[in-house]
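Have a look at the structure below before the remarks.
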Amino acid sequence: MTTTGAQRTNWPERLREISQYVNLTEEDRKLIRSTGPIVRRYADQLTTEVYDLIFEFPNAGRFFSYDDGTPDPKRVKDNKDSMMQWLNYLAQAPSNDAFARYMIAISAMHRDIPIHRPGLPPVPSQFVIGTISWYQTRLIQIFEDELGDLRKAAEASTAWNKMLMVSLDILLGAYLLDSR
Ligand code: HEM
């Protein structure tokens, strides 16, 4: 068996590197934690909106559907729950090694769709990237409404954008052949 770049990568180290590169500072982490309760309050609504979006695109919706193309409510519920857990985790602005391992495990799950789901390819990366973009768009709107101050909303949104990008880097990690 050959070893891919993704398998060779030291993901905790990469997490530190990308966090420094985007300049995710201690101030940003504080801001993420202090606005975490707002994001948690909207987590259910946001995740429902993500799944509505996913079902507008057959190539995305098929991962949560029966063979005849109709949505599978159990699969949708289970995956919504895991997406909310991820958002909750992000609200803690984690920087520990366990976070890197958690993210790369999700990435591998997206790439290696289980054997009992024949015919499904890896989750196309554009939907993962698009989902992150969608969260960025929604969060600034939510911060504007909730914080009632454009400057504070922009600061919170900047910090969350960095966190979401750091998360995205590792979320796509298993797809990369040479991830060093
Ligand atoms: C920000 C983007 C996303 C995040 C954070 C995310 C998060 C997760 C998490 C935490 C799991 C693990 C579930 C478990 O432990 O069982 C998972 C699995 C999975 N995700 Fe995602 N996901 C994202 C986007 C997507 C998109 C856009 C799709 C499809 C269009 C998708 C399809 C799947 C599939 C098929 C699984 C495997 C589990 C199953 O077959 O039900 N994900 N995702």
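A note on labels: chains of the structure tokens are A, B, ... as shown, every chain counts residues from 1, and ligands are counted from 1 in their shown order.
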
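For range 50-66 of chain A, the set of protein, DNA and RNA residues having any atom at most 10 Å away, when counting only C-alpha atoms and skipping those fewer than 5 positions along the same chain, is Asp44, Gln45, Pro71, Asp72, Pro73, Lys74, Arg75, Val76, Lys77, Asp78, Asn79, Lys80, Met83, Ile113, Arg117, Leu120, Pro121, Pro122, Val123, Pro124, Gln126, Phe127, Val128, Gly130, Thr131, Ile132, Trp134 and Tyr135 of chain A.
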
Filtering to N, CA and C atoms, could you give me those residues as a CSV table (one decimal), in the first residue's frame?
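Generated output (part-v2.csv):
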```
chain,number,residue,atom,x,y,z
A,44,ASP,N,-29.2,25.4,15.2
A,44,ASP,CA,-30.2,24.5,14.7
A,44,ASP,C,-30.8,25.1,13.4
A,45,GLN,N,-31.1,26.4,13.5
A,45,GLN,CA,-31.7,27.1,12.3
A,45,GLN,C,-30.7,27.1,11.1
A,71,PRO,N,-35.5,12.4,0.2
A,71,PRO,CA,-34.6,12.5,1.4
A,71,PRO,C,-34.9,11.5,2.5
A,72,ASP,N,-33.8,11.0,3.1
A,72,ASP,CA,-33.8,10.0,4.2
A,72,ASP,C,-33.8,10.8,5.5
A,73,PRO,N,-34.9,10.9,6.2
A,73,PRO,CA,-35.0,11.8,7.4
A,73,PRO,C,-34.0,11.4,8.5
A,74,LYS,N,-33.7,10.1,8.6
A,74,LYS,CA,-32.8,9.6,9.7
A,74,LYS,C,-31.4,10.1,9.4
A,75,ARG,N,-31.0,9.9,8.1
A,75,ARG,CA,-29.7,10.3,7.7
A,75,ARG,C,-29.5,11.9,7.8
A,76,VAL,N,-30.6,12.6,7.4
A,76,VAL,CA,-30.5,14.0,7.5
A,76,VAL,C,-30.4,14.4,9.0
A,77,LYS,N,-31.2,13.8,9.9
A,77,LYS,CA,-31.1,14.2,11.3
A,77,LYS,C,-29.7,13.9,11.9
A,78,ASP,N,-29.2,12.7,11.6
A,78,ASP,CA,-27.9,12.3,12.2
A,78,ASP,C,-26.8,13.3,11.7
A,79,ASN,N,-26.9,13.6,10.4
A,79,ASN,CA,-25.8,14.5,9.9
A,79,ASN,C,-26.0,15.9,10.4
A,80,LYS,N,-27.2,16.3,10.6
A,80,LYS,CA,-27.4,17.7,11.1
A,80,LYS,C,-26.9,17.7,12.5
A,83,MET,N,-23.2,18.1,12.3
A,83,MET,CA,-22.8,19.4,11.9
A,83,MET,C,-22.9,20.4,13.0
A,113,ILE,N,-16.7,7.4,1.4
A,113,ILE,CA,-18.1,7.1,1.7
A,113,ILE,C,-18.2,5.6,2.0
A,117,ARG,N,-22.8,2.2,0.8
A,117,ARG,CA,-23.5,3.2,0.0
A,117,ARG,C,-22.9,3.2,-1.4
A,120,LEU,N,-21.8,6.0,-4.6
A,120,LEU,CA,-21.6,7.4,-4.2
A,120,LEU,C,-20.1,7.7,-4.3
A,121,PRO,N,-19.8,8.8,-4.9
A,121,PRO,CA,-18.4,9.2,-5.0
A,121,PRO,C,-18.0,9.9,-3.6
A,122,PRO,N,-16.7,10.3,-3.5
A,122,PRO,CA,-16.4,11.2,-2.3
A,122,PRO,C,-17.3,12.4,-2.4
A,123,VAL,N,-17.6,13.0,-1.2
A,123,VAL,CA,-18.4,14.3,-1.2
A,123,VAL,C,-17.6,15.3,-2.0
A,124,PRO,N,-18.3,15.8,-3.1
A,124,PRO,CA,-17.5,16.8,-3.9
A,124,PRO,C,-17.1,18.0,-3.1
A,126,GLN,N,-16.5,21.0,-3.7
A,126,GLN,CA,-17.2,22.3,-3.9
A,126,GLN,C,-18.3,22.5,-2.9
A,127,PHE,N,-19.0,21.4,-2.5
A,127,PHE,CA,-20.1,21.6,-1.5
A,127,PHE,C,-19.6,21.8,-0.1
A,128,VAL,N,-18.4,21.3,0.2
A,128,VAL,CA,-17.8,21.6,1.5
A,128,VAL,C,-17.3,23.0,1.6
A,130,GLY,N,-18.4,25.4,-0.3
A,130,GLY,CA,-19.6,26.3,-0.4
A,130,GLY,C,-20.3,26.4,0.9
A,131,THR,N,-20.3,25.3,1.7
A,131,THR,CA,-21.0,25.3,3.0
A,131,THR,C,-20.3,26.3,3.9
A,132,ILE,N,-18.9,26.3,3.9
A,132,ILE,CA,-18.2,27.2,4.7
A,132,ILE,C,-18.5,28.6,4.3
A,134,TRP,N,-21.1,29.7,2.9
A,134,TRP,CA,-22.5,30.0,3.4
A,134,TRP,C,-22.5,30.4,4.8
A,135,TYR,N,-21.8,29.7,5.7
A,135,TYR,CA,-21.7,30.0,7.1
A,135,TYR,C,-21.2,31.4,7.3
```

Contacts of range 171-177 of chain A at 12 Å (only C-alpha atoms; same-chain gap of 2+ positions) as a PDB file with C-alpha atoms, in the first residue's frame:
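Printed below is part15.pdb as written:
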```pdb
ATOM      1  CA  THR A   2       1.338   3.432  -0.849  1.00  0.00           C
ATOM      2  CA  THR A   3       1.322   6.224   1.674  1.00  0.00           C
ATOM      3  CA  THR A   4      -0.323   9.428   0.514  1.00  0.00           C
ATOM      4  CA  GLY A   5       0.729  12.947   1.437  1.00  0.00           C
ATOM      5  CA  ALA A   6      -2.468  13.270   3.478  1.00  0.00           C
ATOM      6  CA  GLN A   7      -1.476  10.239   5.592  1.00  0.00           C
ATOM      7  CA  ARG A   8       2.069  11.543   6.107  1.00  0.00           C
ATOM      8  CA  THR A   9       0.935  14.990   7.221  1.00  0.00           C
ATOM      9  CA  ASN A  10       1.266  15.992  10.850  1.00  0.00           C
ATOM     10  CA  TRP A  11      -2.223  17.489  11.169  1.00  0.00           C
ATOM     11  CA  PRO A  12      -1.798  19.108  14.619  1.00  0.00           C
ATOM     12  CA  ARG A  14      -0.516  21.926  10.190  1.00  0.00           C
ATOM     13  CA  LEU A  15      -3.343  23.295  12.341  1.00  0.00           C
ATOM     14  CA  TRP A  86     -18.831  20.763  14.771  1.00  0.00           C
ATOM     15  CA  PHE A  99      -9.350  19.208  17.151  1.00  0.00           C
ATOM     16  CA  ALA A 100      -6.962  18.570  14.249  1.00  0.00           C
ATOM     17  CA  ARG A 101      -7.578  14.818  14.513  1.00  0.00           C
ATOM     18  CA  TYR A 102     -11.352  15.329  14.701  1.00  0.00           C
ATOM     19  CA  MET A 103     -11.296  17.456  11.551  1.00  0.00           C
ATOM     20  CA  ILE A 104      -9.119  15.104   9.526  1.00  0.00           C
ATOM     21  CA  ALA A 105     -11.390  12.201  10.536  1.00  0.00           C
ATOM     22  CA  ILE A 106     -14.371  14.097   9.100  1.00  0.00           C
ATOM     23  CA  SER A 107     -12.378  14.788   5.969  1.00  0.00           C
ATOM     24  CA  ALA A 108     -11.608  11.084   5.557  1.00  0.00           C
ATOM     25  CA  MET A 109     -15.302  10.269   6.091  1.00  0.00           C
ATOM     26  CA  HIS A 110     -16.221  12.692   3.304  1.00  0.00           C
ATOM     27  CA  ARG A 111     -13.655  11.111   1.008  1.00  0.00           C
ATOM     28  CA  ASP A 112     -14.315   7.456   1.856  1.00  0.00           C
ATOM     29  CA  PRO A 122     -16.427  11.215  -2.323  1.00  0.00           C
ATOM     30  CA  VAL A 123     -18.393  14.279  -1.197  1.00  0.00           C
ATOM     31  CA  PRO A 124     -17.520  16.817  -3.920  1.00  0.00           C
ATOM     32  CA  SER A 125     -15.232  19.417  -2.387  1.00  0.00           C
ATOM     33  CA  GLN A 126     -17.173  22.349  -3.865  1.00  0.00           C
ATOM     34  CA  PHE A 127     -20.075  21.586  -1.535  1.00  0.00           C
ATOM     35  CA  VAL A 128     -17.813  21.553   1.513  1.00  0.00           C
ATOM     36  CA  ILE A 129     -16.182  24.833   0.446  1.00  0.00           C
ATOM     37  CA  THR A 131     -20.976  25.312   2.982  1.00  0.00           C
ATOM     38  CA  ILE A 132     -18.180  27.198   4.724  1.00  0.00           C
ATOM     39  CA  LEU A 164     -13.827  28.708   9.522  1.00  0.00           C
ATOM     40  CA  MET A 165     -10.943  28.869   7.043  1.00  0.00           C
ATOM     41  CA  VAL A 166      -8.632  26.980   9.404  1.00  0.00           C
ATOM     42  CA  SER A 167     -11.354  24.383   9.729  1.00  0.00           C
ATOM     43  CA  LEU A 168     -11.813  24.226   5.958  1.00  0.00           C
ATOM     44  CA  ASP A 169      -8.131  23.603   5.362  1.00  0.00           C
ATOM     45  CA  SER A 179      -0.527  18.131   1.908  1.00  0.00           C
ATOM     46  CA  ARG A 180       2.765  19.167   3.397  1.00  0.00           C
TER      47      ARG A 180
END
```

Item to complete: Can you list, as number ranges by chain, all residues belonging to chain A that DSSP tags as alpha helix (DSSP H)?
Response: A: 5-8, 11-21, 26-54, 58-61, 73-90, 97-111, 125-147, 150-171

At a cut-off of 12 Å, can you tabulate as JSON lines every residue of range 19-125 of chain A near range 144-150 of chain A together with its closest atom pair and the distance in Å to one decimal, using only C-alpha atoms and ordering rows by chain then number?
```
{"residue": "A:Ser34", "atom": "CA", "partner": "A:Leu147", "partner_atom": "CA", "distance": 11.5}
{"residue": "A:Thr35", "atom": "CA", "partner": "A:Leu147", "partner_atom": "CA", "distance": 9.2}
{"residue": "A:Pro37", "atom": "CA", "partner": "A:Glu146", "partner_atom": "CA", "distance": 11.0}
{"residue": "A:Ile38", "atom": "CA", "partner": "A:Glu146", "partner_atom": "CA", "distance": 7.7}
{"residue": "A:Val39", "atom": "CA", "partner": "A:Glu146", "partner_atom": "CA", "distance": 10.1}
{"residue": "A:Arg41", "atom": "CA", "partner": "A:Glu146", "partner_atom": "CA", "distance": 10.9}
{"residue": "A:Tyr42", "atom": "CA", "partner": "A:Glu146", "partner_atom": "CA", "distance": 10.8}
```

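The closest residue to Trp160 in chain A, picked from A:His116, A:Arg16, A:Arg29, A:Arg40 and counting only C-alpha atoms, is A:Arg29.
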